[in-house]
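One file, structure14.cif, carrying mmCIF, C-alpha atoms and all ligand atoms:
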```
data_query
#
loop_
_atom_site.label_atom_id
_atom_site.label_comp_id
_atom_site.auth_asym_id
_atom_site.auth_seq_id
_atom_site.Cartn_x
_atom_site.Cartn_y
_atom_site.Cartn_z
CA MET A 1 -21.85 -28.49 53.54
CA ARG A 2 -20.16 -30.90 55.95
CA ASP A 3 -22.66 -33.05 57.75
CA VAL A 4 -23.69 -31.04 60.76
CA LYS A 5 -24.23 -33.17 63.83
CA MET A 6 -27.77 -32.17 64.39
CA THR A 7 -30.42 -33.94 62.36
CA ALA A 8 -33.91 -32.55 61.90
CA ASP A 9 -35.51 -32.47 65.27
CA THR A 10 -39.08 -33.69 65.09
CA LYS A 11 -40.05 -32.36 68.49
CA ARG A 12 -40.37 -28.88 67.02
CA ARG A 13 -42.87 -29.81 64.29
CA GLY A 14 -45.66 -27.33 64.11
CA ARG A 15 -43.68 -24.83 66.11
CA LYS A 16 -42.93 -21.21 65.44
CA VAL A 17 -39.66 -19.33 65.87
CA VAL A 18 -38.96 -15.61 65.68
CA LEU A 19 -35.49 -14.73 64.37
CA ALA A 20 -33.61 -11.46 64.81
CA TYR A 21 -32.86 -10.82 61.15
CA SER A 22 -30.34 -8.33 59.77
CA GLY A 23 -30.40 -9.68 56.21
CA GLY A 24 -26.69 -10.56 56.27
CA LEU A 25 -25.15 -13.96 55.63
CA ASP A 26 -25.33 -15.31 59.20
CA THR A 27 -28.98 -14.55 59.78
CA SER A 28 -30.00 -15.50 56.24
CA VAL A 29 -28.64 -19.05 56.50
CA CYS A 30 -30.39 -19.32 59.86
CA ILE A 31 -33.79 -19.35 58.16
CA PRO A 32 -33.44 -22.65 56.25
CA LEU A 33 -31.38 -24.06 59.13
CA LEU A 34 -34.23 -23.40 61.56
CA ARG A 35 -36.50 -25.46 59.33
CA GLU A 36 -34.15 -28.20 58.17
CA LYS A 37 -31.98 -28.77 61.17
CA TYR A 38 -34.28 -27.72 63.96
CA GLY A 39 -37.62 -28.77 62.52
CA PHE A 40 -39.43 -25.47 63.05
CA GLU A 41 -42.48 -25.17 60.86
CA GLU A 42 -42.78 -21.41 60.78
CA VAL A 43 -39.93 -18.92 60.75
CA ILE A 44 -40.76 -15.24 61.31
CA ALA A 45 -37.89 -12.87 60.58
CA VAL A 46 -37.76 -9.56 62.44
CA THR A 47 -35.58 -6.68 61.31
CA VAL A 48 -35.29 -3.94 63.88
CA ASP A 49 -34.51 -0.47 62.58
CA VAL A 50 -31.92 1.17 64.83
CA GLY A 51 -30.74 3.57 62.18
CA GLN A 52 -28.81 1.21 59.92
CA PRO A 53 -28.62 2.31 56.26
CA PRO A 54 -32.03 2.02 54.56
CA ALA A 55 -30.38 -0.16 51.89
CA ASP A 56 -29.67 -2.78 54.58
CA ILE A 57 -33.32 -2.86 55.55
CA GLU A 58 -34.34 -3.15 51.91
CA ARG A 59 -31.93 -6.04 51.44
CA ALA A 60 -33.41 -7.75 54.51
CA LYS A 61 -36.94 -7.29 53.14
CA LYS A 62 -35.99 -8.71 49.79
CA ARG A 63 -34.14 -11.71 51.11
CA ALA A 64 -36.71 -12.50 53.75
CA SER A 65 -39.51 -12.43 51.20
CA SER A 66 -38.15 -15.56 49.55
CA LEU A 67 -36.78 -17.26 52.67
CA SER A 68 -39.02 -16.74 55.65
CA ASP A 69 -42.73 -17.32 56.20
CA ARG A 70 -43.11 -13.76 57.26
CA HIS A 71 -40.93 -10.68 57.70
CA VAL A 72 -41.59 -7.85 60.11
CA VAL A 73 -39.73 -4.53 60.22
CA VAL A 74 -39.92 -2.74 63.56
CA ASP A 75 -38.88 0.87 63.87
CA ALA A 76 -37.07 1.13 67.22
CA LYS A 77 -35.12 4.32 66.55
CA ASP A 78 -36.86 6.21 69.35
CA GLU A 79 -36.21 3.45 71.89
CA PHE A 80 -32.64 3.28 70.68
CA VAL A 81 -32.24 7.02 71.21
CA GLU A 82 -33.48 6.60 74.78
CA MET A 83 -30.73 4.05 75.29
CA ILE A 84 -28.19 6.35 73.61
CA PHE A 85 -29.16 9.22 75.91
CA ARG A 86 -28.72 6.93 78.91
CA ALA A 87 -25.22 6.36 77.57
CA VAL A 88 -24.62 10.11 77.27
CA LYS A 89 -25.75 10.64 80.86
CA ALA A 90 -23.35 7.87 81.92
CA ASN A 91 -20.46 9.28 79.83
CA ALA A 92 -20.36 5.77 78.45
CA SER A 93 -17.11 4.35 77.24
CA TYR A 94 -15.63 0.85 77.38
CA GLU A 95 -11.89 0.93 76.76
CA GLY A 96 -12.47 4.00 74.58
CA TYR A 97 -15.39 2.45 72.63
CA VAL A 98 -18.64 4.42 72.66
CA LEU A 99 -20.70 1.22 72.79
CA GLY A 100 -22.77 1.55 69.59
CA THR A 101 -23.40 -2.14 68.89
CA ALA A 102 -23.69 -2.91 72.59
CA LEU A 103 -26.37 -0.23 73.06
CA ALA A 104 -28.43 -1.47 70.12
CA ARG A 105 -28.51 -5.18 70.92
CA PRO A 106 -30.80 -5.07 73.98
CA VAL A 107 -33.22 -2.86 72.05
CA ILE A 108 -33.28 -5.33 69.14
CA ALA A 109 -33.64 -8.33 71.46
CA MET A 110 -36.56 -6.70 73.31
CA LYS A 111 -38.37 -6.08 70.02
CA VAL A 112 -37.85 -9.71 68.98
CA LEU A 113 -39.40 -10.80 72.28
CA GLU A 114 -42.36 -8.48 71.73
CA VAL A 115 -42.99 -9.94 68.28
CA ALA A 116 -42.58 -13.48 69.65
CA ALA A 117 -45.14 -12.81 72.37
CA TYR A 118 -47.55 -11.24 69.89
CA GLU A 119 -47.17 -14.16 67.48
CA GLY A 120 -47.47 -16.77 70.19
CA ALA A 121 -44.10 -18.20 69.13
CA ASP A 122 -42.35 -21.11 70.80
CA ALA A 123 -38.78 -19.94 70.37
CA VAL A 124 -36.57 -16.97 69.60
CA ALA A 125 -33.37 -17.14 67.59
CA HIS A 126 -30.30 -15.08 66.71
CA GLY A 127 -27.54 -15.60 64.18
CA CYS A 128 -24.57 -14.73 66.38
CA THR A 129 -21.42 -16.79 66.35
CA GLY A 130 -19.89 -18.26 69.47
CA LYS A 131 -16.96 -15.87 69.33
CA GLY A 132 -18.33 -12.40 69.83
CA ASN A 133 -20.14 -10.36 72.42
CA ASP A 134 -23.48 -10.19 70.65
CA GLN A 135 -24.49 -13.76 71.50
CA LEU A 136 -24.24 -12.83 75.18
CA ARG A 137 -26.26 -9.64 74.69
CA PHE A 138 -29.10 -11.42 72.87
CA ASP A 139 -29.12 -14.39 75.21
CA ALA A 140 -29.24 -12.16 78.30
CA VAL A 141 -32.34 -10.30 77.15
CA PHE A 142 -33.96 -13.46 75.70
CA ARG A 143 -33.44 -15.10 79.07
CA THR A 144 -36.01 -12.75 80.62
CA SER A 145 -38.64 -14.76 78.70
CA ARG A 146 -39.67 -18.40 78.68
CA PHE A 147 -39.06 -18.87 74.96
CA GLU A 148 -36.61 -21.51 73.88
CA ILE A 149 -33.41 -19.77 72.71
CA VAL A 150 -31.85 -21.03 69.49
CA ALA A 151 -28.51 -19.91 68.02
CA PRO A 152 -27.90 -22.03 64.90
CA ILE A 153 -24.52 -20.63 63.83
CA ARG A 154 -23.06 -21.11 67.28
CA GLU A 155 -24.70 -24.48 67.90
CA LEU A 156 -23.74 -25.96 64.53
CA ASN A 157 -20.27 -24.43 64.79
CA LEU A 158 -20.38 -23.09 61.25
CA THR A 159 -17.52 -21.22 59.60
CA ARG A 160 -18.11 -18.36 57.17
CA GLU A 161 -17.09 -20.67 54.29
CA GLU A 162 -19.56 -23.35 55.33
CA GLU A 163 -22.27 -20.72 55.61
CA ARG A 164 -21.52 -19.51 52.09
CA GLU A 165 -21.81 -23.03 50.70
CA TYR A 166 -25.05 -23.65 52.53
CA ALA A 167 -26.38 -20.31 51.30
CA GLU A 168 -25.61 -21.23 47.69
CA GLU A 169 -27.33 -24.60 48.10
CA HIS A 170 -30.42 -22.78 49.30
CA GLY A 171 -30.50 -20.16 46.62
CA ILE A 172 -29.38 -17.37 48.93
CA HIS A 173 -27.29 -15.21 46.70
CA VAL A 174 -24.85 -13.48 48.89
CA GLU A 175 -23.33 -10.72 46.84
CA LYS A 176 -19.55 -10.67 47.14
CA GLU A 177 -19.77 -8.96 50.44
CA HIS A 178 -17.20 -6.51 51.69
CA ARG A 179 -14.09 -7.95 53.16
CA TRP A 180 -15.02 -6.24 56.40
CA SER A 181 -17.73 -7.07 58.86
CA ILE A 182 -19.69 -3.89 59.43
CA ASP A 183 -22.27 -3.04 62.03
CA GLU A 184 -23.94 0.29 61.68
CA ASN A 185 -26.57 2.14 63.67
CA LEU A 186 -27.42 5.71 64.67
CA TRP A 187 -24.63 5.94 67.23
CA SER A 188 -21.69 4.25 65.56
CA ARG A 189 -20.29 2.33 62.67
CA SER A 190 -18.01 -0.58 63.48
CA ILE A 191 -15.65 -2.23 61.05
CA GLU A 192 -13.77 -5.42 61.82
CA GLY A 193 -12.43 -8.61 60.30
CA ALA A 194 -10.22 -9.59 57.33
CA GLU A 195 -6.84 -7.81 57.37
CA LEU A 196 -7.99 -5.60 60.23
CA GLU A 197 -7.69 -8.62 62.52
CA ASP A 198 -3.95 -8.01 62.43
CA PRO A 199 -3.46 -5.23 64.98
CA ALA A 200 -0.42 -4.02 63.03
CA PHE A 201 -2.38 -3.55 59.79
CA GLN A 202 -3.01 0.09 59.00
CA PRO A 203 -6.64 0.61 57.99
CA PRO A 204 -7.08 1.84 54.42
CA GLU A 205 -8.93 5.15 54.10
CA GLU A 206 -11.73 3.44 52.15
CA ILE A 207 -13.15 1.69 55.25
CA PHE A 208 -14.29 5.03 56.66
CA GLN A 209 -17.65 6.21 55.44
CA TRP A 210 -18.93 8.59 58.07
CA THR A 211 -15.76 10.59 58.56
CA VAL A 212 -13.22 12.26 56.33
CA SER A 213 -9.57 12.05 57.26
CA PRO A 214 -8.86 14.90 59.75
CA ALA A 215 -6.28 16.15 57.26
CA GLU A 216 -9.11 16.80 54.77
CA ALA A 217 -11.26 18.68 57.29
CA PRO A 218 -12.43 22.20 56.36
CA GLU A 219 -12.01 25.39 58.43
CA ASP A 220 -13.01 25.18 62.12
CA GLU A 221 -16.67 25.42 62.99
CA ILE A 222 -18.29 26.34 66.29
CA ILE A 223 -21.51 24.69 67.37
CA GLU A 224 -23.65 25.05 70.48
CA ILE A 225 -25.44 22.17 72.16
CA HIS A 226 -28.05 22.72 74.83
CA PHE A 227 -28.66 20.01 77.42
CA GLU A 228 -31.63 19.55 79.72
CA ARG A 229 -31.21 17.13 82.61
CA GLY A 230 -28.24 15.52 80.90
CA ILE A 231 -29.98 15.12 77.55
CA PRO A 232 -29.06 17.11 74.41
CA VAL A 233 -32.18 18.89 73.20
CA SER A 234 -31.04 21.55 70.81
CA LEU A 235 -28.33 22.35 68.34
CA ASP A 236 -27.39 25.95 67.58
CA GLY A 237 -30.61 27.09 69.21
CA ASN A 238 -32.84 24.75 67.19
CA ARG A 239 -34.78 22.30 69.29
CA MET A 240 -34.89 18.89 67.70
CA ASP A 241 -35.77 15.32 68.40
CA GLY A 242 -32.99 12.91 69.34
CA VAL A 243 -32.79 11.10 66.02
CA SER A 244 -32.44 14.35 64.03
CA LEU A 245 -29.92 15.78 66.46
CA ILE A 246 -27.69 12.70 66.26
CA LEU A 247 -27.96 12.48 62.47
CA SER A 248 -27.10 16.14 62.14
CA LEU A 249 -24.06 15.85 64.42
CA ASN A 250 -22.88 12.72 62.61
CA LYS A 251 -22.93 14.69 59.39
CA THR A 252 -21.26 17.85 60.69
CA GLY A 253 -18.78 15.97 62.86
CA GLY A 254 -17.96 13.53 60.08
CA LYS A 255 -17.16 16.41 57.76
CA HIS A 256 -14.57 17.55 60.32
CA GLY A 257 -13.08 14.07 60.68
CA ILE A 258 -14.32 13.69 64.25
CA GLY A 259 -14.88 10.35 65.95
CA ARG A 260 -12.51 7.73 64.64
CA THR A 261 -11.32 5.02 67.01
CA ASP A 262 -8.85 2.24 66.32
CA ILE A 263 -8.41 0.05 69.38
CA VAL A 264 -7.49 -3.36 70.66
CA GLU A 265 -10.54 -4.30 72.66
CA ASP A 266 -11.03 -6.97 75.35
CA ARG A 267 -14.08 -8.99 74.42
CA VAL A 268 -16.21 -10.48 77.16
CA LEU A 269 -14.96 -14.00 76.43
CA GLY A 270 -11.48 -12.75 77.15
CA PHE A 271 -9.75 -12.47 73.83
CA LYS A 272 -8.52 -9.27 72.32
CA SER A 273 -9.89 -8.02 69.04
CA ARG A 274 -8.88 -5.15 66.82
CA GLU A 275 -11.77 -2.77 66.26
CA ILE A 276 -12.29 0.32 64.17
CA TYR A 277 -15.19 2.66 64.86
CA GLU A 278 -16.69 5.86 63.49
CA HIS A 279 -18.93 7.93 65.78
CA PRO A 280 -18.85 11.72 65.23
CA ALA A 281 -22.06 12.57 67.13
CA ALA A 282 -21.04 10.35 70.03
CA THR A 283 -17.66 12.05 70.41
CA ILE A 284 -19.17 15.54 70.28
CA LEU A 285 -22.03 14.79 72.68
CA LEU A 286 -19.93 12.83 75.15
CA ASN A 287 -17.27 15.55 75.28
CA ALA A 288 -19.87 18.28 75.71
CA HIS A 289 -21.87 16.41 78.34
CA ALA A 290 -18.88 15.47 80.47
CA ASP A 291 -17.72 19.09 80.36
CA LEU A 292 -21.10 20.41 81.48
CA GLU A 293 -21.09 17.97 84.38
CA ARG A 294 -17.77 19.44 85.50
CA LEU A 295 -19.45 22.83 85.74
CA VAL A 296 -22.54 21.81 87.68
CA LEU A 297 -21.75 18.72 89.76
CA THR A 298 -19.83 18.83 93.01
CA ARG A 299 -16.37 17.33 93.26
CA ALA A 300 -17.82 14.51 95.38
CA GLU A 301 -20.49 13.78 92.79
CA ILE A 302 -18.01 13.81 89.92
CA GLN A 303 -15.61 11.47 91.70
CA PHE A 304 -18.24 8.96 92.70
CA LYS A 305 -20.10 9.18 89.40
CA SER A 306 -16.97 8.31 87.44
CA ILE A 307 -17.04 4.93 89.17
CA ALA A 308 -20.77 4.47 88.48
CA ASP A 309 -20.19 5.47 84.84
CA ALA A 310 -17.43 2.88 84.40
CA VAL A 311 -19.55 0.13 85.96
CA TRP A 312 -22.54 1.18 83.80
CA SER A 313 -20.41 1.01 80.66
CA GLU A 314 -19.04 -2.41 81.50
CA LEU A 315 -22.50 -3.81 82.27
CA VAL A 316 -23.79 -2.55 78.94
CA TYR A 317 -20.76 -3.84 77.06
CA LYS A 318 -21.42 -7.25 78.54
CA GLY A 319 -25.10 -7.03 77.61
CA LEU A 320 -26.18 -7.11 81.23
CA THR A 321 -29.01 -4.61 81.06
CA ILE A 322 -31.21 -7.15 82.85
CA GLU A 323 -28.86 -7.05 85.86
CA PRO A 324 -30.66 -5.29 88.74
CA LEU A 325 -27.54 -3.17 89.27
CA TYR A 326 -28.13 -1.60 85.85
CA GLU A 327 -31.48 -0.23 86.98
CA ALA A 328 -30.03 0.94 90.28
CA LEU A 329 -27.21 2.76 88.51
CA ASN A 330 -29.69 4.42 86.16
CA ALA A 331 -31.61 5.71 89.16
CA PHE A 332 -28.43 7.16 90.64
CA ILE A 333 -27.30 8.64 87.33
CA ASP A 334 -30.73 10.19 86.65
CA LYS A 335 -30.64 11.82 90.09
CA THR A 336 -27.28 13.42 89.30
CA GLN A 337 -28.59 14.70 85.95
CA GLU A 338 -31.36 16.82 87.48
CA ARG A 339 -29.01 19.81 87.45
CA VAL A 340 -27.11 18.99 84.27
CA SER A 341 -28.74 21.65 82.11
CA GLY A 342 -26.91 24.27 80.14
CA THR A 343 -25.21 25.14 76.89
CA VAL A 344 -21.84 23.96 75.66
CA ARG A 345 -19.88 25.51 72.79
CA VAL A 346 -17.78 23.07 70.86
CA LYS A 347 -15.12 23.82 68.30
CA LEU A 348 -14.87 21.26 65.52
CA HIS A 349 -11.23 21.32 64.59
CA LYS A 350 -9.48 18.77 62.36
CA GLY A 351 -10.74 15.57 63.96
CA ASN A 352 -11.26 17.08 67.41
CA ALA A 353 -14.36 18.25 69.24
CA ILE A 354 -12.97 20.80 71.67
CA VAL A 355 -15.16 22.46 74.28
CA VAL A 356 -14.45 26.20 74.20
CA GLY A 357 -17.21 27.50 76.49
CA ARG A 358 -20.00 26.35 78.78
CA LYS A 359 -22.75 27.99 80.81
CA SER A 360 -25.51 26.82 83.11
CA PRO A 361 -27.92 28.36 85.62
CA ASN A 362 -26.74 25.56 87.94
CA ALA A 363 -23.03 26.25 87.65
CA ILE A 364 -21.26 25.71 90.94
CA PHE A 365 -19.14 28.69 90.33
CA THR A 366 -18.59 31.80 92.34
CA LYS A 367 -16.91 35.00 91.33
CA ASP A 368 -15.76 35.41 94.98
CA VAL A 369 -12.65 33.42 94.21
CA SER A 370 -11.76 35.43 91.15
CA PHE A 371 -8.24 36.90 91.10
CA ASP A 372 -9.81 40.34 91.09
CA ALA A 373 -12.28 39.87 93.94
CA LYS A 374 -11.43 41.40 97.31
CA THR A 375 -12.13 38.38 99.53
CA GLU A 376 -10.75 37.67 102.95
CA GLN A 377 -7.72 35.58 102.14
CA LYS A 378 -6.89 35.27 105.83
CA MET A 379 -9.95 33.02 106.29
CA ALA A 380 -8.01 30.28 104.56
CA GLU A 381 -5.32 30.25 107.24
CA GLY A 382 -7.40 28.19 109.66
CA PHE A 383 -8.32 25.75 106.93
CA SER A 384 -4.73 25.43 105.91
CA PHE A 385 -3.50 24.96 109.48
CA TYR A 386 -5.18 21.56 109.68
CA HIS A 387 -4.46 20.61 106.11
CA ALA A 388 -1.92 17.76 105.90
CA PHE A 389 -2.01 17.79 109.73
CA GLN A 390 -1.20 14.11 110.25
CA ALA A 391 1.27 13.99 107.39
CA GLY A 392 3.05 17.01 108.88
CA ILE A 393 3.45 15.33 112.28
CA CYS A 394 4.67 12.21 110.58
CA ALA A 395 7.23 14.05 108.49
CA ARG A 396 8.60 15.85 111.57
CA THR A 397 8.61 13.05 114.11
CA CYS A 398 8.30 9.60 112.58
CA HIS A 399 11.34 7.35 112.40
CA LYS A 400 11.87 5.29 109.32
CA SER A 401 13.77 2.12 109.97
N1 LIG B 1 -16.69 -4.91 69.33
C1 LIG B 1 -17.93 -4.24 69.30
C2 LIG B 1 -18.91 -4.81 70.30
O1 LIG B 1 -18.69 -5.87 70.78
C3 LIG B 1 -18.53 -4.12 67.92
C4 LIG B 1 -18.91 -5.38 67.22
C5 LIG B 1 -19.55 -5.03 65.93
N2 LIG B 1 -19.64 -6.06 64.98
C6 LIG B 1 -19.23 -6.00 63.69
N3 LIG B 1 -19.56 -6.97 62.95
N4 LIG B 1 -18.55 -5.03 63.21
O2 LIG B 1 -19.87 -4.17 70.62
#
```

Spit out the file's structure as structure tokens when you get a sec.
Amino acid sequence: MRDVKMTADTKRRGRKVVLAYSGGLDTSVCIPLLREKYGFEEVIAVTVDVGQPPADIERAKKRASSLSDRHVVVDAKDEFVEMIFRAVKANASYEGYVLGTALARPVIAMKVLEVAAYEGADAVAHGCTGKGNDQLRFDAVFRTSRFEIVAPIRELNLTREEEREYAEEHGIHVEKEHRWSIDENLWSRSIEGAELEDPAFQPPEEIFQWTVSPAEAPEDEIIEIHFERGIPVSLDGNRMDGVSLILSLNKTGGKHGIGRTDIVEDRVLGFKSREIYEHPAATILLNAHADLERLVLTRAEIQFKSIADAVWSELVYKGLTIEPLYEALNAFIDKTQERVSGTVRVKLHKGNAIVVGRKSPNAIFTKDVSFDAKTEQKMAEGFSFYHAFQAGICARTCHKS
């Protein structure tokens, strides 16, 4: 590997670092780098389970066993689901992206901090490059602690090729990895890189693993989701925990080709990147939740909340869950969700999750305005008299020069 500027730093002798470890190339080369280039004596690798494929966790275990001093796997699926349900309550979307990776990063970073505190570590590390959003998300959460923050790939300015060479030199056998960079968790699967970086390149069908092509979808299916205080709690009448509910909807929705997104996204640093996502459960739950809100919230609430939702989504995209505004928005959003209980029927139809019925004991709905109800239509005359009052005067009397 080209001579990296940094030489082994003796000031860290005898010191311990806890690394957020996925088991991929970036984080794997970080382990020897933390020893050789940074002088850490003990490297503890932490893999946080947010619903990535079990094979990924196994790979991390295997690699870490020969590389790191210790490897810890932390199951954070329940915490991740709490974060996901916050996103549902906030109808979360950033430029059409359901925020899967962005939702998981703060959960992972928090777990790394917990392990670091437990281990009495001196530093925490991540393997993010200096190009993406994830570095910002890790750093933001890490910054709530007093641990030194180390990001070897970014600091040493390594390219993928240089990482591969370094990996070989250190006996890290990186199987000929997919051309694509994939990040997968309970909420979404993201695919980027290689030819996909060209926004004009049409993604080959093979990159999709959670969803079939909508053209291959079977006959329509109707499902019913019940929400309590903005949170989905049962599917077709069966109460289930969040993880099971999301897994089940990913499966059913994926079979119907629901939840594919191909967008040009504005990264926090400012550049545009082409992103492909799969997220069947997210599409179904977000559609159903937003629809239920339209039945039970007032017009004023809906209008104002759409602003809060957009700000919430942007904060989370940027990794700013430590921003006090994030907590304040959650308090507001939770208040609005007190009445968001009810059942939504969704038709799964060739790539679409279409709401075909909704009911709630809190519906702001009155039969008085039905076409068939005998209500006093004359009452509206007074209301209407003052409607557009100023605009009416203006139209009749104002002079336009
Ligand atoms: N663009 C998304 C985000 O910033 C997803 C990034 C996922 N990374 C990947 N290697 N596929 O949250």

Selected residue of minimal separation from Asn330 in chain A among A:Met83, A:Ile57, A:Leu235, A:Val115, counting all atoms listed in the file
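With all atoms listed in the file as the atom set, the closest residue is A:Met83.
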
Do you know which residues are within 6 Å of ligand LIG 1 (chain B) using all atoms listed in the file? Can you write them as a tab-separated table (two decimals) with C-alpha atoms, in the coordinates of the input?
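selection-v6.tsv written:
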```
chain	number	residue	atom	x	y	z
A	99	LEU	CA	-20.70	1.22	72.79
A	101	THR	CA	-23.40	-2.14	68.89
A	102	ALA	CA	-23.69	-2.91	72.59
A	133	ASN	CA	-20.14	-10.36	72.42
A	181	SER	CA	-17.73	-7.07	58.86
A	182	ILE	CA	-19.69	-3.89	59.43
A	183	ASP	CA	-22.27	-3.04	62.03
A	190	SER	CA	-18.01	-0.58	63.48
A	191	ILE	CA	-15.65	-2.23	61.05
A	192	GLU	CA	-13.77	-5.42	61.82
```

Excluding same-chain residues fewer than 5 positions from Gly14 in chain A, what lies within 9 Å of it counting only C-alpha atoms, as number ranges by chain?
A: 39-42

Any chance you could export the current selection's C-alpha atoms as a short mmCIF file (atom, residue, chain, number, x, y, z; two decimals), in the coordinates of the input?
```cif
data_model
loop_
_atom_site.label_atom_id
_atom_site.label_comp_id
_atom_site.auth_asym_id
_atom_site.auth_seq_id
_atom_site.Cartn_x
_atom_site.Cartn_y
_atom_site.Cartn_z
CA GLY A 39 -37.62 -28.77 62.52
CA PHE A 40 -39.43 -25.47 63.05
CA GLU A 41 -42.48 -25.17 60.86
CA GLU A 42 -42.78 -21.41 60.78
#
```

Restricting to all atoms listed in the file, whichever of A:Ile153, A:Ile31, A:Val311, A:Ile276 is closest to Gly127 in chain A is A:Ile153

Using only the atoms of range 26-38 of chain A listed in the file, plus 4 Å on each side, state the axis-aligned box centre and edge lengths in Å rounded to one decimal, as JSON.
```
{"center_x": -30.9, "center_y": -21.7, "center_z": 60.1, "size_x": 19.2, "size_y": 22.2, "size_z": 15.7}
```

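For the atom pair formed by CA of Glu338 in chain A and CA of Glu323 in chain A, the distance is 24.1 Å, given to one decimal.
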
Using only C-alpha atoms, find the one residue out of A:Glu95, A:Glu224, A:Asp49, A:Glu162 that sits nearest to Val74 in chain A.
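Result for the nearest residue to Val74 in chain A: A:Asp49.
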
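With all atoms listed in the file as the basis for measurement, A:Arg63 is the residue among A:Ile393, A:Arg12, A:Arg63, A:Thr336 that approaches Val174 in chain A most closely.
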
Neighbouring residues of Arg358 in chain A were defined as those with any atom within 12 Å, considering only C-alpha atoms; residues of the same chain fewer than 4 positions away were excluded. Please report them as a VMD selection string.
chain A and resid 223 to 227 287 to 296 340 to 347 354 362 to 363 365

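Taking CA of Ala308 in chain A and CA of Phe332 in chain A as endpoints, the distance between them is 8.4 Å.
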
Could you check the closest approach to Pro32 in chain A for each of A:Glu82, A:Glu301, A:Glu206, A:Asp69 and tell me which residue wins, using only C-alpha atoms?
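The answer is A:Asp69, which sits nearest to Pro32 in chain A.
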
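Among A:Phe80, A:Tyr317, A:Tyr386, A:Tyr97, the residue with the shortest atom-to-atom distance to Thr261 in chain A, counting all atoms listed in the file, is A:Tyr97.
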
How far is it from CA of Lys335 in chain A to CA of Arg229 in chain A, in Å with one decimal?
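Distance reported for this atom pair: 9.2 Å.
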
9 Å contact set for His279 in chain A, only C-alpha atoms, chain neighbours under 6 positions out, as an NGL selection string
:A and (98 or 100 or 186-190 or 210-211 or 250 or 253-254 or 258-261)

For range 350-354 of chain A, which lacks atoms in the input, supply all heavy atoms and format the output as a CSV table (one decimal), in the frame of the given file.
```csv
chain,number,residue,atom,x,y,z
A,350,LYS,N,-10.3,19.8,62.9
A,350,LYS,CA,-9.5,18.8,62.4
A,350,LYS,C,-9.5,17.5,63.2
A,350,LYS,O,-8.5,17.1,63.8
A,350,LYS,CB,-8.0,19.3,62.2
A,350,LYS,CG,-7.9,20.6,61.5
A,350,LYS,CD,-7.2,20.4,60.2
A,350,LYS,CE,-7.2,21.7,59.4
A,350,LYS,NZ,-8.1,21.7,58.3
A,351,GLY,N,-10.6,16.8,63.3
A,351,GLY,CA,-10.7,15.6,64.0
A,351,GLY,C,-11.0,15.7,65.4
A,351,GLY,O,-11.2,14.7,66.1
A,352,ASN,N,-11.0,16.9,66.0
A,352,ASN,CA,-11.3,17.1,67.4
A,352,ASN,C,-12.5,17.9,67.7
A,352,ASN,O,-12.9,18.8,67.0
A,352,ASN,CB,-10.1,17.8,68.0
A,352,ASN,CG,-8.8,17.1,67.8
A,352,ASN,OD1,-8.6,16.0,68.4
A,352,ASN,ND2,-7.9,17.7,67.0
A,353,ALA,N,-13.2,17.5,68.8
A,353,ALA,CA,-14.4,18.2,69.2
A,353,ALA,C,-13.9,18.9,70.6
A,353,ALA,O,-13.9,18.2,71.6
A,353,ALA,CB,-15.6,17.3,69.4
A,354,ILE,N,-13.6,20.1,70.5
A,354,ILE,CA,-13.0,20.8,71.7
A,354,ILE,C,-14.0,21.8,72.3
A,354,ILE,O,-14.5,22.7,71.6
A,354,ILE,CB,-11.7,21.6,71.3
A,354,ILE,CG1,-10.8,20.7,70.5
A,354,ILE,CG2,-11.0,22.2,72.5
A,354,ILE,CD1,-9.8,21.5,69.6
```
